[in-house]
>>> print(open('data.txt').read())   # compact mmCIF, C-alpha atoms
# COMPACT_ATOMS: atom_id res chain seq x y z
CA MET A 251 8.71 3.68 32.27
CA LEU A 252 5.96 6.21 32.37
CA SER A 253 4.35 6.80 35.70
CA GLN A 254 0.67 6.27 36.25
CA PRO A 255 -1.41 9.47 36.09
CA ARG A 256 -2.55 10.88 39.42
CA ASP A 257 -5.92 12.51 39.99
CA ASP A 258 -4.50 15.02 42.52
CA ALA A 259 -2.23 16.63 39.92
CA PRO A 260 -2.15 20.43 39.28
CA PRO A 261 -4.73 21.93 36.83
CA ASP A 262 -2.32 22.00 33.84
CA ASP A 263 -1.47 18.39 34.44
CA LEU A 264 -5.15 17.50 34.71
CA GLN A 265 -5.72 19.10 31.32
CA TRP A 266 -2.88 17.03 29.93
CA LEU A 267 -4.32 13.91 31.54
CA ALA A 268 -7.74 14.62 30.08
CA ALA A 269 -6.22 14.92 26.61
CA GLU A 270 -4.37 11.64 27.10
CA ARG A 271 -7.52 9.85 28.21
CA ALA A 272 -9.48 11.31 25.29
CA GLU A 273 -6.88 9.90 22.89
CA ALA A 274 -7.05 6.50 24.59
CA ARG A 275 -10.84 6.52 24.21
CA LEU A 276 -10.39 7.39 20.56
CA ILE A 277 -8.18 4.34 20.13
CA GLY A 278 -10.90 2.23 21.75
CA ARG A 279 -13.46 3.50 19.23
CA ILE A 280 -11.03 2.81 16.38
CA ALA A 281 -10.61 -0.74 17.68
CA ASP A 282 -14.38 -1.06 17.30
CA GLY A 283 -14.03 -0.06 13.64
CA GLU A 284 -15.30 3.50 13.95
CA LEU A 285 -13.94 5.32 10.89
CA GLN A 286 -14.97 8.77 12.16
CA ALA A 287 -12.80 8.33 15.26
CA PHE A 288 -9.93 7.20 13.08
CA GLU A 289 -10.26 10.28 10.88
CA GLN A 290 -10.15 12.49 13.98
CA LEU A 291 -6.97 10.82 15.18
CA TYR A 292 -5.47 10.89 11.68
CA ARG A 293 -6.02 14.62 11.31
CA GLY A 294 -4.67 15.27 14.79
CA TYR A 295 -1.43 13.39 14.15
CA HIS A 296 -0.89 14.27 10.50
CA PRO A 297 1.16 17.47 11.04
CA ARG A 298 3.31 15.96 13.78
CA LEU A 299 3.99 12.72 11.93
CA THR A 300 4.70 14.57 8.68
CA ARG A 301 7.28 16.71 10.43
CA PHE A 302 8.85 13.77 12.25
CA LEU A 303 9.06 11.56 9.15
CA GLU A 304 10.38 14.38 6.99
CA ARG A 305 13.15 15.15 9.42
CA VAL A 306 14.14 11.57 10.17
CA THR A 307 14.07 10.29 6.59
CA ARG A 308 14.94 13.57 4.79
CA ARG A 309 13.06 12.08 1.83
CA PRO A 310 9.87 14.10 1.32
CA SER A 311 8.70 11.78 -1.46
CA LEU A 312 8.42 8.92 1.05
CA VAL A 313 6.67 10.81 3.81
CA GLY A 314 3.07 10.43 2.60
CA GLU A 315 3.44 6.72 2.09
CA LEU A 316 5.23 6.15 5.39
CA LEU A 317 2.64 8.20 7.26
CA ASN A 318 -0.25 6.23 5.78
CA ASP A 319 1.57 2.96 6.45
CA THR A 320 1.89 4.06 10.07
CA MET A 321 -1.78 4.98 10.40
CA TRP A 322 -2.77 1.78 8.57
CA VAL A 323 -1.11 -0.14 11.42
CA VAL A 324 -2.95 2.04 13.93
CA TRP A 325 -6.27 1.25 12.23
CA ASN A 326 -5.61 -2.48 12.12
CA ARG A 327 -3.89 -2.89 15.49
CA ALA A 328 -5.83 -0.43 17.63
CA GLY A 329 -7.20 -3.40 19.57
CA THR A 330 -3.69 -4.31 20.72
CA TYR A 331 -3.05 -0.92 22.37
CA ASN A 332 -2.93 -1.76 26.07
CA GLY A 333 -2.61 1.71 27.62
CA ARG A 334 0.81 0.99 29.18
CA CYS A 335 2.28 3.93 27.30
CA LYS A 336 0.89 7.16 25.89
CA VAL A 337 -1.00 6.93 22.62
CA SER A 338 1.55 9.31 21.06
CA THR A 339 4.41 7.04 22.18
CA TRP A 340 2.71 4.06 20.58
CA ILE A 341 2.05 5.88 17.31
CA PHE A 342 5.50 7.48 17.08
CA ALA A 343 7.10 4.10 17.75
CA ILE A 344 5.22 2.68 14.75
CA ALA A 345 6.24 5.70 12.65
CA TYR A 346 9.88 5.34 13.69
CA ARG A 347 9.95 1.67 12.68
CA LYS A 348 8.31 2.52 9.35
CA ALA A 349 10.86 5.28 8.74
CA ILE A 350 13.89 3.09 9.47
CA LYS A 351 12.45 0.24 7.40
CA GLY A 352 11.63 2.67 4.59
CA LEU A 353 15.14 4.08 4.56
CA SER A 354 16.62 0.61 4.31
CA ARG A 355 14.28 -0.35 1.47
CA TRP A 356 14.57 2.69 -0.78
CA ASP A 357 17.79 4.04 -2.07
CA GLU A 358 16.62 7.42 -3.32
CA PRO A 359 18.83 10.48 -3.54
CA VAL A 360 18.44 12.78 -0.57
CA GLN A 361 16.24 15.73 -1.50
CA ASP A 362 15.97 19.12 0.08
CA ALA A 363 13.45 18.80 2.88
CA PRO A 364 10.55 21.29 2.72
CA ASP A 365 11.52 22.73 6.11
CA GLU A 366 14.75 23.98 4.56
CA ARG A 367 12.78 26.40 2.42
CA PRO A 368 12.06 29.89 3.75
CA ALA A 369 9.39 29.95 6.43
CA PRO A 370 6.75 32.70 6.71
CA ALA A 371 8.42 36.02 7.45
CA GLU A 372 8.75 37.36 10.98
CA GLY A 373 10.38 40.61 12.00
CA GLY A 374 12.51 42.81 9.77
CA PRO A 375 14.50 41.80 6.68
CA GLU A 376 17.70 41.34 8.68
CA HIS A 377 15.99 39.03 11.15
CA GLN A 378 14.40 37.04 8.31
CA SER A 379 17.74 36.62 6.62
CA GLU A 380 19.39 35.46 9.83
CA GLN A 381 16.59 32.97 10.49
CA LEU A 382 16.85 31.60 6.98
CA HIS A 383 20.62 31.18 7.26
CA LEU A 384 20.26 29.53 10.63
CA ARG A 385 17.62 27.08 9.45
CA THR A 386 19.69 26.19 6.39
CA ALA A 387 22.76 25.64 8.55
CA LEU A 388 20.75 23.56 11.03
CA ALA A 389 19.23 21.45 8.25
CA LYS A 390 22.67 20.77 6.82
CA ALA A 391 24.00 19.93 10.26
CA LEU A 392 21.11 17.53 10.91
CA ALA A 393 21.79 15.90 7.55
CA GLY A 394 25.21 15.04 8.93
CA LEU A 395 23.64 12.86 11.64
CA SER A 396 22.46 9.29 11.27
CA ALA A 397 18.70 8.62 11.03
CA VAL A 398 18.59 7.17 14.54
CA GLN A 399 20.42 10.21 15.96
CA ARG A 400 18.07 12.54 14.05
CA ALA A 401 15.09 10.69 15.52
CA VAL A 402 16.36 11.31 19.07
CA VAL A 403 17.13 14.96 18.31
CA GLU A 404 13.80 15.65 16.62
CA LEU A 405 11.71 13.89 19.25
CA THR A 406 13.46 15.99 21.89
CA TYR A 407 13.71 19.43 20.30
CA LEU A 408 10.59 19.34 18.12
CA HIS A 409 8.19 17.18 20.07
CA GLY A 410 9.42 17.84 23.58
CA MET A 411 9.59 14.18 24.59
CA GLY A 412 11.56 12.89 27.55
CA TYR A 413 14.37 10.36 27.14
CA ARG A 414 12.33 7.53 28.66
CA GLU A 415 9.54 8.07 26.16
CA ILE A 416 12.08 8.30 23.32
CA GLY A 417 13.59 5.03 24.52
CA GLU A 418 10.18 3.40 24.18
CA ILE A 419 9.71 4.86 20.71
CA VAL A 420 13.07 3.86 19.27
CA GLY A 421 13.16 0.62 21.25
CA CYS A 422 16.37 1.04 23.19
CA PRO A 423 17.48 1.66 26.82
CA VAL A 424 17.56 5.23 28.13
CA ASP A 425 21.37 5.16 28.35
CA THR A 426 21.52 4.50 24.62
CA VAL A 427 19.16 7.43 24.04
CA LYS A 428 21.43 9.67 26.11
CA THR A 429 24.49 8.39 24.27
CA ARG A 430 22.92 9.06 20.90
CA MET A 431 22.02 12.56 22.03
CA PHE A 432 25.54 13.08 23.35
CA HIS A 433 27.11 12.21 20.00
CA ALA A 434 24.45 14.13 18.06
CA ARG A 435 25.00 17.29 20.13
CA ARG A 436 28.74 17.06 19.76
CA ARG A 437 28.37 16.72 15.99
CA LEU A 438 25.85 19.58 15.81
CA LYS A 439 28.18 21.77 17.83
CA THR A 440 30.98 21.12 15.39
CA LEU A 441 28.80 21.69 12.34
CA LEU A 442 27.15 24.79 13.77
CA ALA A 443 30.35 26.18 15.27
CA GLY A 444 29.83 29.85 16.03
CA ARG A 445 26.58 30.13 14.13
CA LEU A 446 24.11 29.89 16.99
CA GLN A 447 26.10 32.47 18.94
CA ASP A 448 26.25 34.79 15.93
CA TRP A 449 22.65 34.58 14.84
CA LEU A 450 20.60 34.33 17.98
CA MET B 587 23.70 2.29 15.07
CA SER B 588 27.09 1.15 16.24
CA ALA B 589 27.88 4.12 18.48
CA ARG B 590 30.02 3.44 21.51
CA VAL B 591 28.08 3.72 24.76
CA VAL B 592 29.62 6.57 26.75
CA GLN B 593 29.63 6.48 30.54
CA LEU B 594 27.73 9.69 31.11
CA ASP B 595 27.20 9.45 34.85
CA ALA B 596 30.89 9.62 35.76
CA ASP B 597 30.27 12.76 37.74
CA VAL B 598 27.45 15.21 38.37
CA HIS B 599 28.65 17.63 35.73
CA GLN B 600 28.59 15.03 32.99
CA LYS B 601 25.21 13.79 34.23
CA VAL B 602 23.69 17.25 34.07
CA LEU B 603 25.27 17.93 30.71
CA ALA B 604 23.62 14.80 29.32
CA LEU B 605 20.23 15.81 30.71
CA LEU B 606 20.23 19.43 29.50
CA PRO B 607 18.40 18.79 26.18
CA TRP B 608 15.46 17.31 28.07
CA TYR B 609 15.66 19.85 30.86
CA VAL B 610 15.14 22.53 28.20
CA CYS B 611 12.73 20.79 25.82
CA ALA B 612 10.70 18.20 27.71
CA PRO B 613 8.16 19.23 30.34
CA PRO B 614 8.33 17.18 33.55
CA SER B 615 6.21 14.04 33.36
CA VAL B 616 3.00 14.20 35.34
CA GLY B 617 3.37 12.51 38.69
CA ASP B 618 6.88 11.29 37.92
CA VAL B 619 8.74 11.87 41.19
CA GLU B 620 12.05 10.65 39.79
CA ASP B 621 11.73 13.13 36.95
CA MET B 622 10.98 16.00 39.33
CA GLU B 623 13.94 15.09 41.58
CA GLU B 624 16.17 14.97 38.54
CA ARG B 625 15.12 18.50 37.57
CA VAL B 626 15.87 19.76 41.03
CA ARG B 627 19.37 18.24 40.87
CA VAL B 628 19.97 19.82 37.43
CA GLU B 629 18.86 23.24 38.67
CA ALA B 630 21.10 22.97 41.75
CA HIS B 631 24.13 22.18 39.60
CA LEU B 632 23.30 24.89 37.06
CA ALA B 633 23.28 27.49 39.78
CA GLU B 634 26.97 26.88 40.50
CA CYS B 635 28.45 25.71 37.17
CA PRO B 636 29.28 28.42 34.55
CA ARG B 637 30.10 25.79 31.92
CA CYS B 638 26.68 24.17 32.25
CA GLN B 639 25.06 27.61 32.19
CA ALA B 640 26.76 28.24 28.84
CA GLU B 641 25.59 24.85 27.60
CA LEU B 642 22.06 25.66 28.73
CA ALA B 643 22.13 28.87 26.69
CA TRP B 644 23.31 26.91 23.66
CA GLU B 645 20.50 24.34 24.17
CA ARG B 646 17.91 27.11 24.26
CA LYS B 647 19.27 28.56 21.01
CA LEU B 648 19.19 25.13 19.39
CA GLN B 649 15.60 24.60 20.52
CA ALA B 650 14.62 28.01 19.12
CA ALA B 651 16.32 27.18 15.83
CA HIS B 652 14.18 24.02 15.56
CA ALA B 653 10.93 25.81 16.23
CA HIS B 654 9.49 27.43 13.17
CA VAL B 655 6.32 27.17 11.11
CA ASP B 656 6.29 24.21 8.77
CA ARG B 657 4.30 24.08 5.59
CA PRO B 658 0.71 22.91 6.22
CA SER B 659 0.33 19.15 5.83
CA ASP B 660 -2.28 17.82 3.41
CA ALA B 661 -4.33 15.56 5.65
CA ASP B 662 -7.33 15.58 3.26
CA HIS B 663 -5.48 13.89 0.44
CA GLY B 664 -3.70 11.47 2.75
CA PHE B 665 -6.89 10.38 4.50
CA ALA B 666 -8.74 9.97 1.19
CA LEU B 667 -6.04 7.50 0.09
CA LEU B 668 -6.19 5.65 3.38
CA ARG B 669 -9.98 5.48 3.29
CA GLN B 670 -9.75 3.79 -0.13
CA ARG B 671 -7.25 1.32 1.29
CA ILE B 672 -9.56 0.52 4.19
CA ALA B 673 -12.56 0.05 1.88
CA GLY B 674 -10.52 -2.23 -0.40
CA ALA B 675 -9.35 -4.36 2.50
CA ALA B 676 -12.91 -4.62 3.86
CA ALA B 677 -14.19 -5.83 0.47
CA LEU B 678 -11.37 -8.38 0.32
CA ARG B 679 -12.20 -9.58 3.83
CA ARG B 680 -15.86 -10.02 2.90
CA ARG B 681 -14.95 -12.19 -0.09
CA GLY B 682 -12.42 -14.10 1.98
CA GLY B 683 -15.06 -14.53 4.68
CA LEU B 684 -17.52 -16.19 2.29
CA ALA B 685 -14.87 -18.63 1.04
CA ALA B 686 -13.83 -19.38 4.61
CA ARG B 687 -17.45 -20.04 5.65
CA LEU B 688 -17.93 -22.43 2.71
CA LEU B 689 -14.71 -24.23 3.59
CA ARG B 690 -15.71 -24.49 7.26
CA GLY B 691 -19.13 -25.86 6.24
CA TRP B 692 -17.48 -28.42 4.00
CA ARG B 693 -15.12 -29.57 6.74
CA ALA B 694 -17.90 -29.71 9.31
CA GLY B 695 -20.14 -31.94 7.15
CA PRO B 696 -20.25 -35.76 7.60
CA LEU B 697 -18.02 -37.84 5.36
CA TRP B 698 -20.90 -39.50 3.48
CA MET B 699 -22.33 -36.09 2.59
CA ARG B 700 -19.00 -34.92 1.21
CA TRP B 701 -18.71 -38.04 -0.98
CA ALA B 702 -22.31 -37.63 -2.14
CA LEU B 703 -21.67 -34.01 -3.08
CA LEU B 704 -18.47 -34.94 -4.88
CA GLY B 705 -20.36 -37.66 -6.82
CA GLN B 706 -23.04 -35.16 -7.82
CA PHE B 707 -20.45 -32.70 -9.00
CA ALA B 708 -18.73 -35.42 -11.03
CA ALA B 709 -22.01 -36.51 -12.64
CA VAL B 710 -22.95 -32.94 -13.51
CA ALA B 711 -19.51 -32.36 -15.00
CA ALA B 712 -19.67 -35.55 -17.10
CA LEU B 713 -23.17 -34.70 -18.39
CA SER B 714 -22.03 -31.20 -19.26
CA VAL B 715 -19.11 -32.54 -21.28
CA LEU B 716 -21.33 -35.02 -23.14
CA THR B 717 -23.88 -32.32 -23.91
CA LEU B 718 -21.23 -29.99 -25.26
CA VAL B 719 -19.78 -32.76 -27.45
CA SER B 720 -23.20 -33.65 -28.90
CA LEU B 721 -24.01 -30.01 -29.61
CA ALA B 722 -20.78 -29.42 -31.49
CA PRO B 723 -21.50 -28.95 -35.25
CA ALA B 724 -20.45 -31.74 -37.61
CA GLU B 725 -17.24 -30.81 -39.29
CA HIS B 726 -18.44 -31.42 -42.85
CA PHE B 727 -22.12 -30.45 -42.57
CA ARG B 728 -23.28 -28.04 -45.22
CA ALA B 729 -26.76 -26.95 -46.32
CA LEU B 730 -27.76 -27.78 -49.88
CA GLY B 731 -28.74 -24.22 -50.69
CA ARG B 732 -25.51 -22.73 -49.50
CA PRO B 733 -24.37 -20.47 -52.33
CA ALA B 734 -20.63 -20.71 -51.99
CA ALA B 735 -20.03 -24.27 -50.92
CA ALA B 736 -16.76 -25.42 -49.57
CA PRO B 737 -14.95 -27.97 -51.72
CA ALA B 738 -16.25 -31.47 -51.18
CA THR B 739 -14.03 -33.99 -49.53
CA ASP B 740 -11.79 -36.37 -51.41
CA GLY B 741 -10.91 -33.71 -53.99
CA ARG B 742 -14.44 -33.66 -55.44
CA ARG B 743 -16.83 -30.81 -56.20
CA ASN B 744 -20.51 -30.50 -55.51
CA LEU B 745 -23.20 -30.10 -58.14
CA ILE B 746 -26.90 -29.70 -57.64
CA VAL B 747 -29.15 -31.22 -60.24
CA ARG B 748 -32.86 -31.69 -60.95
CA PHE B 749 -33.98 -34.56 -63.15
CA ARG B 750 -37.02 -34.63 -65.30
CA PRO B 751 -39.96 -36.02 -63.27
CA ALA B 752 -40.50 -38.79 -65.82
CA ALA B 753 -36.84 -39.89 -65.81
CA THR B 754 -36.34 -43.53 -64.95
CA GLU B 755 -33.87 -44.90 -62.48
CA GLU B 756 -31.91 -46.50 -65.34
CA GLU B 757 -31.64 -43.19 -67.24
CA ILE B 758 -30.39 -41.43 -64.19
CA ARG B 759 -27.83 -44.16 -63.51
CA HIS B 760 -26.49 -43.81 -67.07
CA VAL B 761 -26.21 -40.06 -66.78
CA LEU B 762 -24.33 -40.31 -63.52
CA ARG B 763 -21.93 -42.93 -64.81
CA ASP B 764 -21.17 -40.93 -68.00
CA SER B 765 -20.45 -37.81 -66.00
CA ASP B 766 -18.38 -39.65 -63.36
CA ALA B 767 -20.83 -38.24 -60.80
CA ARG B 768 -21.98 -39.74 -57.52
CA LEU B 769 -25.33 -39.16 -55.92
CA VAL B 770 -24.67 -38.14 -52.31
CA ASP B 771 -27.92 -36.60 -51.14
CA GLY B 772 -31.51 -35.82 -52.07
CA PRO B 773 -34.13 -35.46 -53.08
CA THR B 774 -34.72 -32.07 -51.49
CA THR B 775 -38.17 -30.50 -51.16
CA THR B 776 -37.70 -29.19 -54.71
CA ASP B 777 -36.72 -32.67 -56.00
CA ALA B 778 -33.09 -31.66 -56.42
CA TYR B 779 -30.14 -34.00 -55.82
CA LEU B 780 -26.60 -33.35 -54.65
CA LEU B 781 -23.89 -34.85 -56.83
CA THR B 782 -20.11 -34.87 -56.53
CA VAL B 783 -17.75 -34.86 -59.50
CA PRO B 784 -13.93 -34.92 -59.63
CA ALA B 785 -12.38 -31.55 -58.76
CA GLY B 786 -11.35 -29.66 -61.90
CA ASP B 787 -13.86 -31.60 -63.99
CA GLU B 788 -16.99 -29.88 -62.75
CA LYS B 789 -17.43 -27.60 -65.78
CA ALA B 790 -17.24 -30.50 -68.20
CA ALA B 791 -19.57 -32.53 -66.00
CA VAL B 792 -22.10 -29.73 -65.95
CA ALA B 793 -21.90 -29.40 -69.74
CA ARG B 794 -22.39 -33.15 -70.22
CA LEU B 795 -25.34 -33.26 -67.88
CA ARG B 796 -27.00 -30.35 -69.64
CA GLU B 797 -26.75 -32.21 -72.93
CA ARG B 798 -28.85 -35.01 -71.54
CA GLY B 799 -32.56 -34.63 -71.87
CA VAL B 800 -33.07 -36.33 -68.56
CA VAL B 801 -31.60 -33.28 -66.68
CA VAL B 802 -33.83 -30.24 -66.29
CA TRP B 803 -31.34 -28.05 -64.44
CA VAL B 804 -27.79 -28.33 -63.08
CA GLU B 805 -25.20 -26.05 -61.62
CA ALA B 806 -22.06 -26.14 -59.49
CA LEU B 807 -22.67 -25.19 -55.88
CA ASP B 808 -19.59 -23.01 -55.79
CA GLY B 809 -21.02 -20.96 -58.65
CA ARG B 810 -18.24 -21.79 -61.05
CA GLY B 811 -20.35 -24.02 -63.27
CA GLY B 812 -23.41 -21.79 -63.63
CA PRO B 813 -26.28 -22.58 -66.02
>>> encode(input="data.txt", output="structure tokens")
Amino acid sequence: MLSQPRDDAPPDDLQWLAAERAEARLIGRIADGELQAFEQLYRGYHPRLTRFLERVTRRPSLVGELLNDTMWVVWNRAGTYNGRCKVSTWIFAIAYRKAIKGLSRWDEPVQDAPDERPAPAEGGPEHQSEQLHLRTALAKALAGLSAVQRAVVELTYLHGMGYREIGEIVGCPVDTVKTRMFHARRRLKTLLAGRLQDWL
Amino acid sequence: MSARVVQLDADVHQKVLALLPWYVCAPPSVGDVEDMEERVRVEAHLAECPRCQAELAWERKLQAAHAHVDRPSDADHGFALLRQRIAGAAALRRRGGLAARLLRGWRAGPLWMRWALLGQFAAVAALSVLTLVSLAPAEHFRALGRPAAAPATDGRRNLIVRFRPAATEEEIRHVLRDSDARLVDGPTTTDAYLLTVPAGDEKAAVARLRERGVVVWVEALDGRGGP
């Protein structure tokens, strides 16, 4: 479980705590039906949720609908948020459930995710080419994982969440989270054999 | 998922190996002593384990491979759709709220009032039905001056006729009998009468009536026996 915030924490932590409390206040205003507060939260979470849902589902055509279904729950159930976990944990848990439910409901062919396309250029042509190859290889390797394994991997590597928080999001014990990561890493290592060493 | 649960804490090395992704990617939780102690244990093991050091390097490369600029997300369009959904649901709730209030009011009222209201509704409904029935046009009503009259019932045709003002009742009776005509209506404001004659015989009937001096004017209402 998450620990309770302390007021004698270092300055960086205090900044983090202030952001957390601001988000909790935002949820309170949304519970009161304040649309402006909801828009602020929506815009804040849109990039993160888009990325998460894209990577977990690998179906870009579903992402917009799943994201709005997630935020629709936030709008309607904001009054049930009890502050026992971070706002982001609560929202990502809703998004995760929507993604898994969405995947079981639709049987669409897997499309190329937008993040597999070339990203804005950095460095010289050789570096760009290496980055592109690496991202393509990584995307293909991630496609070889199950949706629940991808969720654990993405929440860790993309969103920097701890295993306890991930356990709350995906609704399973921390040992299961660690086990999923163990299998996912082993699979990624096989699929990316030699590539990370060669390209980075 | 049906993955087999692996016993990861068999020894320190395996424990650290399992924690490396979060050691690299997740910042320590604020005020989480257990988390801080765990990091210290990982760092102590890393300092003396070449295999875990290699794994740590691999983790850092994997994290770097994940981090890149995504396409910008279109929050404007998404929020516009959601705002419409919220407005639609609010309108639905308002309508549902009115119905619920009416239902609550009905249930809260005394029994006699509910029966009285039901009786009133029944009376209003019955009166409405009666009014509608009485206002319905008669099936066979037709104005005398209607130019293209529908065929009369019983396979007969309509004629309109005006008798001479001085004609007697006996003369008129003779004319009608000879023409196989029946007087069904009249006189109108212009002293005309409506007659019926057997269908198919109207032209002959008109001709016979015109021969009689007692008839001033006659014609078939459907226009086929004109003057």
>>> closest_residue(input="data.txt", among="B:Ile672, B:Val598, B:Leu762, B:Ala790", to="chain A", atoms="all atoms listed in the file")
B:Ile672
>>> residues_around(input="data.txt", residues="Thr406 (chain A)", least_positions_apart="2", cutoff="9 Å", atoms="only C-alpha atoms", output="ChimeraX atom specification")
/A:401-404,408-413,416 /B:607-608,611-612,649
>>> atom_distance(input="data.txt", atom1="CA of Asp771 (chain B)", atom2="CA of Trp803 (chain B)")
16.2 Å
>>> atom_distance(input="data.txt", atom1="CA of Glu289 (chain A)", atom2="CA of Ala268 (chain A)")
19.8 Å
>>> atom_distance(input="data.txt", atom1="CA of Val761 (chain B)", atom2="CA of Val747 (chain B)")
11.4 Å
>>> closest_residue(input="data.txt", among="B:Leu807, B:Ile758, B:Ala643, B:Leu713", to="chain A", atoms="all atoms listed in the file")
B:Ala643
>>> closest_residue(input="data.txt", among="B:Ala651, B:Ala640, B:Val626, B:Ala767", to="chain A", atoms="all atoms listed in the file")
B:Ala651
>>> closest_residue(input="data.txt", among="A:Leu392, A:Ile341, A:Leu303, A:Val398", to="chain B", atoms="all atoms listed in the file")
A:Val398
>>> residues_around(input="data.txt", residues="Leu388 (chain A)", least_positions_apart="6", cutoff="9 Å", atoms="all atoms listed in the file", output="PDB file with C-alpha atoms, keeping the file's coordinate frame")
ATOM      1  CA  GLU A 366      14.750  23.980   4.560  1.00  0.00           C
ATOM      2  CA  LEU A 438      25.850  19.580  15.810  1.00  0.00           C
ATOM      3  CA  LEU A 441      28.800  21.690  12.340  1.00  0.00           C
ATOM      4  CA  LEU A 442      27.150  24.790  13.770  1.00  0.00           C
TER       5      LEU A 442
ATOM      6  CA  LEU B 648      19.190  25.130  19.390  1.00  0.00           C
ATOM      7  CA  ALA B 651      16.320  27.180  15.830  1.00  0.00           C
ATOM      8  CA  HIS B 652      14.180  24.020  15.560  1.00  0.00           C
TER       9      HIS B 652
END
>>> closest_residue(input="data.txt", among="B:Leu697, B:Ser659, B:Arg671, B:Leu703", to="Pro310 (chain A)", atoms="only C-alpha atoms")
B:Ser659
>>> closest_residue(input="data.txt", among="A:Met431, A:Ala443, A:Ala343, A:Ala391", to="Glu418 (chain A)", atoms="only C-alpha atoms")
A:Ala343
>>> residues_around(input="data.txt", residues="Arg625 (chain B)", least_positions_apart="4", cutoff="12 Å", atoms="only C-alpha atoms", output="list in words")
Lys601, Val602, Leu605, Leu606, Pro607, Trp608, Tyr609, Val610, Ala612, Pro613, Pro614, Ser615, Asp618, Val619, Glu620, Asp621, Glu629, Ala630, His631 and Leu632 of chain B
